[in-house]
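Colleague: Structure below; questions to follow.
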Amino acid sequence: MLTAARTTNMARIEGGEFLMGSDHHYPEEAPAHRVRVDGFWIDQFLVTNREFRRFVDETGYRTVAEIAPRAEDYPGAAPDNLVPGSMVFTPPRQQVDTSDWRRWWRYLPGACWKLPYGPRSGRKALPDHPVVHVTFDDASAYAEWAGKDLPTEAEWEFACRGGLDGAEFAWGDELVPNGKHLANTWQGKFPNENKLEDGYPRTSPVGAFPPNAYGLYDMIGNVWEWTSDWYRKGHEAASDKPCCTPVNPRGPKREESFDPCGSEVPIARRVLKGGSHLCAPNYCRRYRPAARHAQPIDSASTHIGFRCIIRE
C-alpha cells in the first residue's frame, strides 16, 4: 500500500505512449520506436550521500568498491588492482586522443562513496550530492531496503522526457536555450578543458538545475543512472501498428548483454541513462533522453548514481 510517507519526494507519472530511442545520434539508440508504459512513482532527486549513509548505518552494507576483488574472479589482473577501490576521473593536462578512455580514468585504491576522490584527496562525500561509486548491486540493495525498485530503460526515458515526445533534450530541442545551462554537463574541450559555464567542475547538489515538466531533477547530466535492463547494442525493431506497441518493455536476456568484443573475464552489462557532468559537445554527447550506455554490473565510478521508482 502506498502512503504519503513512502512517496515523499517522488512524482507520480501517468502511463502513456512515447517515441523511445533516436535515429539521429549514436547507433545504439536506434531504431526509434513507440512503446507504452504503465503509471509509476519515481524519485524527484537522485539518491544522495545523506540518504545512502542512512541505508548503510541501518544495514551495515558495504559497497563493492569497499571490498577487495577476488583473484579467481579476475585471472591475470595486476595484484595492485586487487584492492578495494573504484574508477576516478583524472583529467590530463593537455588534449589527448579521446579514443582511449584510460587517459583520464584510473583505478584508485580506497575510492568509494564515502571518499569519492580517494583517501588522500581530503574530499569527503558531500551530503546533498548524488551518491557515486555504486555498482548495479549496490543500487539494487538500496532500492530493496527503501521498498522501491530501479526503473527499466523505458520507464526512465519516459519520465526523463517530461511529456516532450521526440524532443532532443529533456527541456526541448536546444542544448542551451537563451544561453542558460539546464543541466550539469561539460563545457569546453573534453577531457582537459572545462570552462565551468554551469558552475560545477564535478557533481552538483541534487536539484541545482531546473526540473523537467514532471518535476524531476537531474534527469540529464550530473551522474549517469542505473536502470534494471540488460544492455544490447540497439533497440529491437518494433511494429508501428497500435495493436503491437510494446507495453512495459524490458531489455534482452542476460546472456545477450556481454561485450561482443570479448575479454578474458567477460562481464554482463546494464543500461545507464542520462549522461553525466563529463558529457561534452566533442565527446559523449549523451546528455539526451534517448542516449544510453553499457556499464559492467561490477563497475563503479565517480560519475554513476541512481534513483528509484515504485510501480503500482
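A note on labels: chains of the C-alpha cells are A, B, ... as shown, every chain counts residues from 1, and ligands are counted from 1 in their shown order.
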Which residues of segment 63-177 of chain A have any atom within 10 Å of an atom in segment 278-282 of chain A when counting only C-alpha atoms, and what is the closest pair of atoms for each, with the distance in Å to one decimal? Order the rows by chain and rising number and write it as JSON lines.
Modeller:
{"residue": "A:Phe89", "atom": "CA", "partner": "A:Leu278", "partner_atom": "CA", "distance": 9.0}
{"residue": "A:Thr98", "atom": "CA", "partner": "A:Asn282", "partner_atom": "CA", "distance": 9.2}
{"residue": "A:Leu175", "atom": "CA", "partner": "A:Pro281", "partner_atom": "CA", "distance": 9.8}
Colleague: If we count only C-alpha atoms and set the cut-off at 9 Å, which residues sit around Gly188 of chain A, ignoring sequence neighbours fewer than 2 positions away in its own chain? Please answer as number ranges by chain.
Modeller: A: 186, 190-197, 280-282
Colleague: Write to file, as a PDB file, in the first residue's frame, the residues of the selection just made, with C-alpha atoms.
Modeller:
ATOM      1  CA  TRP A 186      30.947  19.647 -19.629  1.00  0.00           C
ATOM      2  CA  PHE A 190      36.931  17.213 -23.125  1.00  0.00           C
ATOM      3  CA  PRO A 191      38.919  15.823 -21.294  1.00  0.00           C
ATOM      4  CA  ASN A 192      41.296  18.631 -20.285  1.00  0.00           C
ATOM      5  CA  GLU A 193      39.403  21.896 -20.805  1.00  0.00           C
ATOM      6  CA  ASN A 194      36.281  22.548 -18.728  1.00  0.00           C
ATOM      7  CA  LYS A 195      35.102  26.144 -18.924  1.00  0.00           C
ATOM      8  CA  LEU A 196      32.701  25.611 -15.987  1.00  0.00           C
ATOM      9  CA  GLU A 197      29.992  27.742 -17.535  1.00  0.00           C
ATOM     10  CA  ALA A 280      30.716  17.271 -23.756  1.00  0.00           C
ATOM     11  CA  PRO A 281      29.905  18.500 -27.269  1.00  0.00           C
ATOM     12  CA  ASN A 282      33.154  16.951 -28.569  1.00  0.00           C
TER      13      ASN A 282
END
Colleague: Find the residue from A:Trp113, A:Tyr287, A:Trp226, A:Tyr214 that sits nearest to Gly163 of chain A; use only C-alpha atoms when measuring.
Modeller: A:Tyr214
Colleague: List the neighbours of segment 8-24 of chain A out to 7 Å using only C-alpha atoms; skip same-chain residues closer than 4 positions along the sequence, and give me the result as a ChimeraX atom specification.
Modeller: /A:4,29-44,158,165-166,215,290
Colleague: DSSP on the backbone: which residues in segment 93-174 of chain A end up as helix (DSSP H, G or I)? Give the answer as a list in words.
Modeller: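 Taking segment 93-174 of chain A and keeping helix (DSSP H, G or I) only, one gets Trp101, Arg102, Arg103, Phe136, Asp137, Asp138, Ala139, Ser140, Ala141, Tyr142, Ala143, Glu144, Trp145, Glu153, Ala154, Glu155, Trp156, Glu157, Phe158, Ala159, Cys160 and Arg161 of chain A.
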Colleague: Which polymer residues have any atom within 9 Å of an atom of Leu46 of chain A, counting only C-alpha atoms, with same-chain residues fewer than 6 positions away left out, as an MDAnalysis selection string?
Modeller: chainID A and resid 129:131 206:207 217:219 223 225 305:308
